[in-house]
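Chemist: Take a look at protein.txt, compact mmCIF, C-alpha atoms:
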```txt
# COMPACT_ATOMS: atom_id res chain seq x y z
CA MET A 12 1.61 -30.12 16.40
CA LYS A 13 3.29 -32.62 14.15
CA THR A 14 6.74 -31.95 15.59
CA HIS A 15 5.65 -34.12 18.55
CA ARG A 16 4.25 -37.47 17.46
CA THR A 17 3.47 -38.80 20.92
CA PRO A 18 1.18 -38.87 22.72
CA MET A 19 -1.10 -39.65 19.80
CA LEU A 20 -4.27 -37.59 19.50
CA ASP A 21 -7.45 -39.40 18.59
CA ALA A 22 -10.10 -37.97 16.26
CA GLU A 23 -12.06 -36.44 19.14
CA ASP A 24 -8.98 -34.65 20.47
CA VAL A 25 -8.15 -33.29 17.03
CA ALA A 26 -11.71 -32.06 16.58
CA ALA A 27 -11.66 -30.43 20.00
CA ILE A 28 -8.43 -28.58 19.18
CA ASP A 29 -9.83 -27.44 15.85
CA ALA A 30 -13.00 -26.19 17.53
CA SER A 31 -11.01 -24.32 20.19
CA ALA A 32 -9.15 -22.10 17.75
CA SER A 33 -10.62 -18.63 17.69
CA ARG A 34 -9.10 -17.42 14.41
CA THR A 35 -6.07 -17.44 12.16
CA THR A 36 -4.13 -14.30 11.38
CA THR A 37 -0.91 -13.17 9.73
CA PHE A 38 1.99 -10.90 10.66
CA ASN A 39 4.65 -9.33 8.51
CA ALA A 40 8.33 -10.15 8.75
CA ARG A 41 10.06 -8.33 11.64
CA GLN A 42 6.74 -7.39 13.22
CA ILE A 43 6.62 -7.65 17.02
CA PHE A 44 3.27 -9.22 17.85
CA ILE A 45 3.75 -9.95 21.56
CA ARG A 46 5.45 -7.37 23.75
CA GLN A 47 6.97 -8.14 27.12
CA HIS A 48 4.84 -7.49 30.22
CA THR A 49 1.68 -6.97 28.14
CA PRO A 50 -1.35 -8.86 29.53
CA LEU A 51 -2.26 -11.84 27.32
CA SER A 52 -5.47 -13.80 26.98
CA GLN A 53 -4.56 -16.21 24.16
CA CYS A 54 -1.85 -18.61 23.02
CA THR A 55 -0.31 -18.60 19.55
CA LEU A 56 0.37 -21.67 17.43
CA LEU A 57 2.68 -21.08 14.46
CA LEU A 58 1.37 -22.48 11.18
CA ASP A 59 3.80 -21.02 8.66
CA GLY A 60 7.05 -19.06 8.85
CA PHE A 61 9.68 -18.49 11.54
CA VAL A 62 9.38 -16.68 14.87
CA GLU A 63 11.89 -15.40 17.42
CA ARG A 64 11.52 -14.89 21.15
CA PHE A 65 13.91 -12.18 22.30
CA LYS A 66 14.95 -9.53 24.82
CA ASP A 67 16.63 -6.22 24.03
CA THR A 68 19.11 -4.63 26.40
CA PRO A 69 18.97 -0.90 27.22
CA GLU A 70 22.07 -0.51 25.03
CA GLY A 71 20.15 -1.91 22.05
CA ARG A 72 21.73 -5.38 21.91
CA ARG A 73 19.27 -8.17 21.11
CA GLN A 74 19.48 -11.68 22.49
CA ILE A 75 17.34 -14.20 20.64
CA LEU A 76 16.05 -16.68 23.22
CA ALA A 77 14.35 -19.14 20.87
CA ILE A 78 13.53 -19.76 17.23
CA HIS A 79 10.18 -21.34 16.50
CA VAL A 80 9.16 -23.36 13.44
CA PRO A 81 5.71 -24.36 12.15
CA GLY A 82 3.96 -26.64 14.63
CA ASP A 83 5.31 -24.81 17.69
CA PHE A 84 3.32 -22.92 20.27
CA VAL A 85 5.34 -19.73 20.65
CA ASP A 86 3.83 -18.59 23.95
CA LEU A 87 2.09 -21.55 25.56
CA HIS A 88 3.50 -20.52 28.94
CA SER A 89 1.38 -17.35 28.70
CA TYR A 90 -1.61 -19.53 29.62
CA PRO A 91 -0.64 -19.88 33.31
CA LEU A 92 1.50 -16.70 33.49
CA LYS A 93 -0.87 -14.33 31.60
CA ARG A 94 2.10 -12.30 30.30
CA LEU A 95 5.63 -12.84 29.07
CA GLU A 96 8.86 -11.33 30.39
CA HIS A 97 10.16 -11.16 26.80
CA SER A 98 8.87 -10.20 23.37
CA VAL A 99 7.96 -12.29 20.31
CA ALA A 100 8.41 -11.24 16.68
CA ALA A 101 8.05 -12.67 13.21
CA LEU A 102 11.36 -13.39 11.50
CA THR A 103 9.50 -13.94 8.21
CA ASP A 104 5.94 -13.39 7.09
CA ILE A 105 3.98 -15.77 9.31
CA LYS A 106 0.56 -17.33 9.73
CA VAL A 107 -0.67 -18.27 13.19
CA VAL A 108 -3.77 -19.65 14.86
CA LEU A 109 -4.92 -18.22 18.18
CA PHE A 110 -6.31 -20.17 21.13
CA PRO A 111 -8.01 -18.20 23.94
CA HIS A 112 -6.76 -19.14 27.39
CA ALA A 113 -10.29 -20.17 28.32
CA ALA A 114 -10.26 -22.66 25.43
CA VAL A 115 -6.88 -24.05 26.53
CA ARG A 116 -8.34 -24.56 30.00
CA GLU A 117 -11.28 -26.47 28.53
CA LEU A 118 -8.99 -28.61 26.39
CA THR A 119 -6.81 -29.63 29.32
CA ALA A 120 -9.89 -30.33 31.44
CA ARG A 121 -11.45 -32.64 28.85
CA SER A 122 -8.41 -34.61 27.66
CA ALA A 123 -5.42 -35.99 29.54
CA THR A 124 -3.76 -36.68 26.18
CA ILE A 125 -3.97 -33.04 25.09
CA THR A 126 -2.70 -31.96 28.49
CA GLU A 127 0.29 -34.30 28.18
CA LEU A 128 1.06 -33.06 24.66
CA LEU A 129 0.96 -29.40 25.69
CA TRP A 130 3.07 -30.14 28.75
CA LYS A 131 5.57 -32.05 26.61
CA SER A 132 5.81 -29.13 24.19
CA THR A 133 6.59 -26.74 27.03
CA MET A 134 9.18 -29.06 28.58
CA ILE A 135 11.01 -29.55 25.26
CA ASP A 136 10.98 -25.79 24.77
CA ALA A 137 12.70 -25.46 28.16
CA ALA A 138 15.22 -28.19 27.26
CA ILE A 139 16.15 -26.34 24.08
CA ASN A 140 16.59 -23.15 26.07
CA ARG A 141 18.98 -24.91 28.49
CA GLU A 142 21.04 -26.21 25.57
CA TRP A 143 21.30 -22.69 24.17
CA ILE A 144 22.60 -21.50 27.54
CA VAL A 145 25.30 -24.19 27.39
CA SER A 146 26.27 -23.03 23.90
CA ILE A 147 26.56 -19.36 24.83
CA GLY A 148 28.33 -20.07 28.10
CA ALA A 149 30.62 -22.98 27.28
CA ARG A 150 31.06 -23.52 23.52
CA GLY A 151 33.38 -21.79 21.08
CA ALA A 152 31.99 -19.46 18.43
CA ALA A 153 32.15 -21.85 15.46
CA VAL A 154 30.79 -24.70 17.57
CA ARG A 155 27.82 -22.55 18.65
CA LEU A 156 26.86 -21.91 15.04
CA ALA A 157 27.39 -25.54 14.04
CA HIS A 158 25.26 -26.70 16.97
CA LEU A 159 22.45 -24.32 16.00
CA PHE A 160 22.51 -25.60 12.41
CA CYS A 161 22.36 -29.21 13.68
CA GLU A 162 19.42 -28.43 15.94
CA MET A 163 17.45 -26.61 13.27
CA PHE A 164 18.09 -29.42 10.79
CA VAL A 165 16.62 -32.01 13.16
CA ARG A 166 13.66 -29.83 14.10
CA LEU A 167 12.84 -28.85 10.52
CA GLU A 168 13.26 -32.41 9.28
CA ARG A 169 10.69 -33.48 11.86
CA ALA A 170 8.37 -30.75 10.62
CA GLY A 171 8.82 -31.95 7.01
CA MET A 172 10.77 -28.83 6.04
CA ALA A 173 14.21 -30.26 5.24
CA SER A 174 15.11 -31.81 1.90
CA GLY A 175 18.16 -34.03 1.83
CA ASN A 176 21.08 -32.10 3.22
CA GLN A 177 19.52 -28.65 2.73
CA PHE A 178 16.92 -26.60 4.54
CA ASP A 179 15.66 -23.04 4.55
CA LEU A 180 16.66 -20.97 7.55
CA PRO A 181 15.56 -17.46 6.58
CA LEU A 182 17.72 -15.62 9.10
CA THR A 183 20.31 -12.94 8.53
CA GLN A 184 23.86 -13.15 9.83
CA VAL A 185 22.79 -10.58 12.44
CA ASP A 186 20.03 -12.97 13.56
CA LEU A 187 22.56 -15.78 13.88
CA ALA A 188 24.79 -13.48 15.92
CA ASP A 189 21.89 -12.51 18.19
CA ALA A 190 20.99 -16.18 18.71
CA THR A 191 24.53 -17.25 19.58
CA GLY A 192 25.81 -14.29 21.57
CA LEU A 193 28.34 -13.27 18.92
CA THR A 194 28.97 -10.10 16.98
CA ALA A 195 27.93 -9.96 13.34
CA VAL A 196 31.57 -9.65 12.26
CA HIS A 197 32.63 -12.70 14.27
CA THR A 198 29.64 -14.64 12.97
CA ASN A 199 30.67 -13.91 9.39
CA ARG A 200 34.19 -15.10 10.14
CA MET A 201 32.99 -18.32 11.76
CA LEU A 202 30.57 -19.07 8.91
CA ARG A 203 33.47 -18.77 6.49
CA GLN A 204 35.51 -21.14 8.65
CA LEU A 205 32.73 -23.74 8.71
CA ARG A 206 32.35 -23.52 4.94
CA GLU A 207 36.09 -23.73 4.25
CA ASP A 208 36.38 -26.71 6.60
CA GLY A 209 33.83 -28.56 4.46
CA LEU A 210 31.18 -28.84 7.16
CA VAL A 211 28.27 -26.55 6.32
CA ALA A 212 27.42 -23.45 4.30
CA PHE A 213 24.92 -20.70 5.01
CA ARG A 214 23.98 -18.62 1.98
CA GLN A 215 20.99 -16.29 1.59
CA GLY A 216 18.89 -18.08 4.17
CA VAL A 217 19.68 -21.61 3.01
CA VAL A 218 21.77 -24.09 5.00
CA GLU A 219 23.66 -26.81 3.10
CA ILE A 220 25.27 -29.54 5.17
CA PHE A 221 28.33 -30.98 3.45
CA ASP A 222 29.15 -33.74 5.94
CA TRP A 223 26.53 -34.55 8.59
CA PRO A 224 28.64 -36.95 10.71
CA ARG A 225 31.57 -34.52 10.81
CA LEU A 226 29.29 -31.55 11.52
CA ARG A 227 27.63 -33.42 14.41
CA ALA A 228 31.00 -34.35 15.85
CA PHE A 229 32.38 -30.82 15.52
CA ALA A 230 29.25 -29.33 17.10
CA GLU A 231 29.24 -31.85 19.95
CA PHE A 232 25.59 -32.31 18.98
CA ASP A 233 23.54 -34.87 20.89
CA PRO A 234 19.89 -34.57 19.83
CA THR A 235 18.49 -36.30 22.92
CA TYR A 236 17.50 -32.92 24.41
CA LEU A 237 15.01 -32.55 21.55
CA PHE A 238 13.22 -35.72 22.73
CA VAL A 239 12.57 -36.82 19.16
CA ASP A 240 10.14 -39.75 19.19
```
Hey, can you dump this file as structure tokens for me?

Modeler:
Amino acid sequence: MKTHRTPMLDAEDVAAIDASASRTTTFNARQIFIRQHTPLSQCTLLLDGFVERFKDTPEGRRQILAIHVPGDFVDLHSYPLKRLEHSVAALTDIKVVLFPHAAVRELTARSATITELLWKSTMIDAAINREWIVSIGARGAAVRLAHLFCEMFVRLERAGMASGNQFDLPLTQVDLADATGLTAVHTNRMLRQLREDGLVAFRQGVVEIFDWPRLRAFAEFDPTYLFVD
């Protein structure tokens, strides 16, 4: 869980986490691997690829609730809840490692440091969700997209997945629309505006930031909600 560098795990904690994993597995892009209201007995740690948490309306409109990157638990809250009220799907081909709930219980019982780290991960996940609510409810369309690009840049940089002013974000324009509460047509228009204004470009799943200070200012982006160490 290298996206969170504190609290620091010692060698015994790392070994205990390794020993608690039941298996690794893969899922194909766009595959739903956790369905809402289905009983769960394990938690999923993302090792490679991108994942979305989402809900679909009866009319067929999708709202993406979160985007997860390698190093994230995508359903840690299933440990106490035993099911999710939303679904989880692979945005790309992914590789995950599974931790049975019984193993998570043993980990938290043996180590206060592991407990704190898992708790921190869940709290940051909730903080990100609150910021997304602010974007959808109170920010303009172009600002929503700019804010999302800023957030993903910081998160992927922390995970060692950003190079200079570029990073891979293998989403479609429809995905961006579903994450920001916009239509695909409006999303396309706002992406063009951001590019023409010399702030950022999104092309074929790659984000290129032209001017980070100006993009941050335009997006009203304050990264403190990410609790970067």

Chemist: For Val62 of chain A, which of A:Ala153, A:Ala113, A:Leu128, A:Leu182 is the closest residue, counting all atoms listed in the file?

Modeler: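 Nearest to Val62 of chain A: A:Leu182.
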
Chemist: May I have the residues within 10 Å of Asp24 of chain A as a PyMOL selection string, using only C-alpha atoms and disregarding those fewer than 3 positions away in the same chain?

Modeler: chain A and resi 19-21+27-30+118+121-125

Chemist: Store the residues of this selection in a file with C-alpha atoms, as a PDB file, keeping the file's coordinate frame.

Modeler:
```
ATOM      1  CA  MET A  19      -1.100 -39.650  19.800  1.00  0.00           C
ATOM      2  CA  LEU A  20      -4.270 -37.590  19.500  1.00  0.00           C
ATOM      3  CA  ASP A  21      -7.450 -39.400  18.590  1.00  0.00           C
ATOM      4  CA  ALA A  27     -11.660 -30.430  20.000  1.00  0.00           C
ATOM      5  CA  ILE A  28      -8.430 -28.580  19.180  1.00  0.00           C
ATOM      6  CA  ASP A  29      -9.830 -27.440  15.850  1.00  0.00           C
ATOM      7  CA  ALA A  30     -13.000 -26.190  17.530  1.00  0.00           C
ATOM      8  CA  LEU A 118      -8.990 -28.610  26.390  1.00  0.00           C
ATOM      9  CA  ARG A 121     -11.450 -32.640  28.850  1.00  0.00           C
ATOM     10  CA  SER A 122      -8.410 -34.610  27.660  1.00  0.00           C
ATOM     11  CA  ALA A 123      -5.420 -35.990  29.540  1.00  0.00           C
ATOM     12  CA  THR A 124      -3.760 -36.680  26.180  1.00  0.00           C
ATOM     13  CA  ILE A 125      -3.970 -33.040  25.090  1.00  0.00           C
TER      14      ILE A 125
END
```

Chemist: Which neighbours of Ile220 of chain A fall inside 12 Å, counting all atoms listed in the file, when residues of the same chain fewer than 4 positions from it are skipped, and could you give them as a PDB file with C-alpha atoms, in the frame of the given file?

Modeler:
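What ended up in around-v1.pdb:
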```pdb
ATOM      1  CA  ALA A 157      27.390 -25.540  14.040  1.00  0.00           C
ATOM      2  CA  PHE A 160      22.510 -25.600  12.410  1.00  0.00           C
ATOM      3  CA  CYS A 161      22.360 -29.210  13.680  1.00  0.00           C
ATOM      4  CA  MET A 163      17.450 -26.610  13.270  1.00  0.00           C
ATOM      5  CA  PHE A 164      18.090 -29.420  10.790  1.00  0.00           C
ATOM      6  CA  ALA A 173      14.210 -30.260   5.240  1.00  0.00           C
ATOM      7  CA  SER A 174      15.110 -31.810   1.900  1.00  0.00           C
ATOM      8  CA  GLY A 175      18.160 -34.030   1.830  1.00  0.00           C
ATOM      9  CA  ASN A 176      21.080 -32.100   3.220  1.00  0.00           C
ATOM     10  CA  GLN A 177      19.520 -28.650   2.730  1.00  0.00           C
ATOM     11  CA  PHE A 178      16.920 -26.600   4.540  1.00  0.00           C
ATOM     12  CA  ASP A 179      15.660 -23.040   4.550  1.00  0.00           C
ATOM     13  CA  LEU A 205      32.730 -23.740   8.710  1.00  0.00           C
ATOM     14  CA  ARG A 206      32.350 -23.520   4.940  1.00  0.00           C
ATOM     15  CA  ASP A 208      36.380 -26.710   6.600  1.00  0.00           C
ATOM     16  CA  GLY A 209      33.830 -28.560   4.460  1.00  0.00           C
ATOM     17  CA  LEU A 210      31.180 -28.840   7.160  1.00  0.00           C
ATOM     18  CA  VAL A 211      28.270 -26.550   6.320  1.00  0.00           C
ATOM     19  CA  ALA A 212      27.420 -23.450   4.300  1.00  0.00           C
ATOM     20  CA  PHE A 213      24.920 -20.700   5.010  1.00  0.00           C
ATOM     21  CA  ARG A 214      23.980 -18.620   1.980  1.00  0.00           C
ATOM     22  CA  PRO A 224      28.640 -36.950  10.710  1.00  0.00           C
ATOM     23  CA  ARG A 225      31.570 -34.520  10.810  1.00  0.00           C
ATOM     24  CA  LEU A 226      29.290 -31.550  11.520  1.00  0.00           C
ATOM     25  CA  ARG A 227      27.630 -33.420  14.410  1.00  0.00           C
TER      26      ARG A 227
END
```

Chemist: Between A:Leu129, A:Ile43, A:Leu102, A:Ala120, which one has atoms that come closest to Phe84 of chain A, using only C-alpha atoms?

Modeler: A:Leu129

Chemist: Find the distance between atom CA of Ala228 of chain A and atom CA of Arg16 of chain A and write it in Å to one decimal.

Modeler: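 Here the two named atoms are 27.0 Å from each other.
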
Chemist: Of the candidates A:Ile45, A:Leu92, A:Leu237, A:Gln215, which shows the shortest atom-to-atom distance to Arg141 of chain A, using only C-alpha atoms?

Modeler: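 Of A:Ile45, A:Leu92, A:Leu237, A:Gln215, the one nearest Arg141 of chain A, counting only C-alpha atoms, is A:Leu237.
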
Chemist: Since fewer atoms than expected are present, regenerate all heavy atoms for segment 68-79 of chain A and write them as a tab-separated table (two decimals), in the coordinates of the input.

Modeler:
```tsv
chain	number	residue	atom	x	y	z
A	68	THR	N	18.49	-5.31	25.28
A	68	THR	CA	19.11	-4.63	26.40
A	68	THR	C	18.91	-3.12	26.26
A	68	THR	O	18.60	-2.62	25.16
A	68	THR	CB	20.61	-4.92	26.47
A	68	THR	OG1	21.26	-4.31	25.35
A	68	THR	CG2	20.87	-6.43	26.45
A	69	PRO	N	19.09	-2.36	27.34
A	69	PRO	CA	18.97	-0.90	27.22
A	69	PRO	C	19.95	-0.30	26.22
A	69	PRO	O	19.69	0.77	25.66
A	69	PRO	CB	19.28	-0.42	28.65
A	69	PRO	CG	18.89	-1.56	29.53
A	69	PRO	CD	19.26	-2.79	28.74
A	70	GLU	N	21.08	-1.00	25.99
A	70	GLU	CA	22.07	-0.51	25.03
A	70	GLU	C	21.70	-0.85	23.59
A	70	GLU	O	22.42	-0.49	22.66
A	70	GLU	CB	23.45	-1.09	25.34
A	70	GLU	CG	24.03	-0.65	26.68
A	70	GLU	CD	23.40	-1.37	27.86
A	70	GLU	OE1	22.85	-2.47	27.64
A	70	GLU	OE2	23.43	-0.83	28.97
A	71	GLY	N	20.60	-1.59	23.39
A	71	GLY	CA	20.15	-1.91	22.05
A	71	GLY	C	20.63	-3.24	21.51
A	71	GLY	O	20.42	-3.55	20.33
A	72	ARG	N	21.27	-4.05	22.35
A	72	ARG	CA	21.73	-5.38	21.91
A	72	ARG	C	20.58	-6.37	22.07
A	72	ARG	O	19.92	-6.41	23.12
A	72	ARG	CB	22.94	-5.83	22.73
A	72	ARG	CG	23.48	-7.21	22.36
A	72	ARG	CD	24.10	-7.19	20.98
A	72	ARG	NE	24.36	-8.55	20.51
A	72	ARG	CZ	25.51	-9.20	20.71
A	72	ARG	NH1	26.49	-8.61	21.39
A	72	ARG	NH2	25.68	-10.41	20.22
A	73	ARG	N	20.35	-7.17	21.06
A	73	ARG	CA	19.27	-8.17	21.11
A	73	ARG	C	19.84	-9.55	21.39
A	73	ARG	O	20.85	-9.95	20.81
A	73	ARG	CB	18.49	-8.18	19.79
A	73	ARG	CG	17.43	-9.31	19.71
A	73	ARG	CD	16.41	-9.05	18.62
A	73	ARG	NE	15.67	-7.82	18.88
A	73	ARG	CZ	14.60	-7.42	18.17
A	73	ARG	NH1	14.16	-8.17	17.16
A	73	ARG	NH2	13.97	-6.29	18.46
A	74	GLN	N	19.18	-10.26	22.28
A	74	GLN	CA	19.48	-11.68	22.49
A	74	GLN	C	18.26	-12.49	22.08
A	74	GLN	O	17.19	-12.34	22.67
A	74	GLN	CB	19.81	-11.97	23.96
A	74	GLN	CG	20.13	-13.43	24.24
A	74	GLN	CD	21.39	-13.89	23.50
A	74	GLN	OE1	22.44	-13.28	23.61
A	74	GLN	NE2	21.26	-14.96	22.73
A	75	ILE	N	18.42	-13.30	21.04
A	75	ILE	CA	17.34	-14.20	20.64
A	75	ILE	C	17.34	-15.38	21.59
A	75	ILE	O	18.35	-16.05	21.80
A	75	ILE	CB	17.52	-14.66	19.18
A	75	ILE	CG1	17.39	-13.46	18.23
A	75	ILE	CG2	16.50	-15.74	18.82
A	75	ILE	CD1	17.59	-13.80	16.77
A	76	LEU	N	16.20	-15.64	22.20
A	76	LEU	CA	16.05	-16.68	23.22
A	76	LEU	C	15.56	-17.99	22.64
A	76	LEU	O	15.78	-19.06	23.23
A	76	LEU	CB	15.07	-16.21	24.29
A	76	LEU	CG	15.37	-14.85	24.92
A	76	LEU	CD1	14.20	-14.39	25.77
A	76	LEU	CD2	16.64	-14.91	25.73
A	77	ALA	N	14.89	-17.93	21.50
A	77	ALA	CA	14.35	-19.14	20.87
A	77	ALA	C	13.96	-18.82	19.44
A	77	ALA	O	13.60	-17.69	19.12
A	77	ALA	CB	13.15	-19.68	21.64
A	78	ILE	N	14.04	-19.84	18.60
A	78	ILE	CA	13.53	-19.76	17.23
A	78	ILE	C	12.46	-20.82	17.09
A	78	ILE	O	12.69	-21.99	17.42
A	78	ILE	CB	14.65	-19.99	16.20
A	78	ILE	CG1	15.69	-18.87	16.29
A	78	ILE	CG2	14.07	-20.06	14.78
A	78	ILE	CD1	16.92	-19.11	15.45
A	79	HIS	N	11.29	-20.41	16.63
A	79	HIS	CA	10.18	-21.34	16.50
A	79	HIS	C	9.89	-21.63	15.03
A	79	HIS	O	10.02	-20.76	14.16
A	79	HIS	CB	8.93	-20.78	17.18
A	79	HIS	CG	9.00	-20.86	18.68
A	79	HIS	ND1	8.97	-22.05	19.36
A	79	HIS	CD2	9.13	-19.89	19.61
A	79	HIS	CE1	9.07	-21.81	20.66
A	79	HIS	NE2	9.17	-20.51	20.84
```
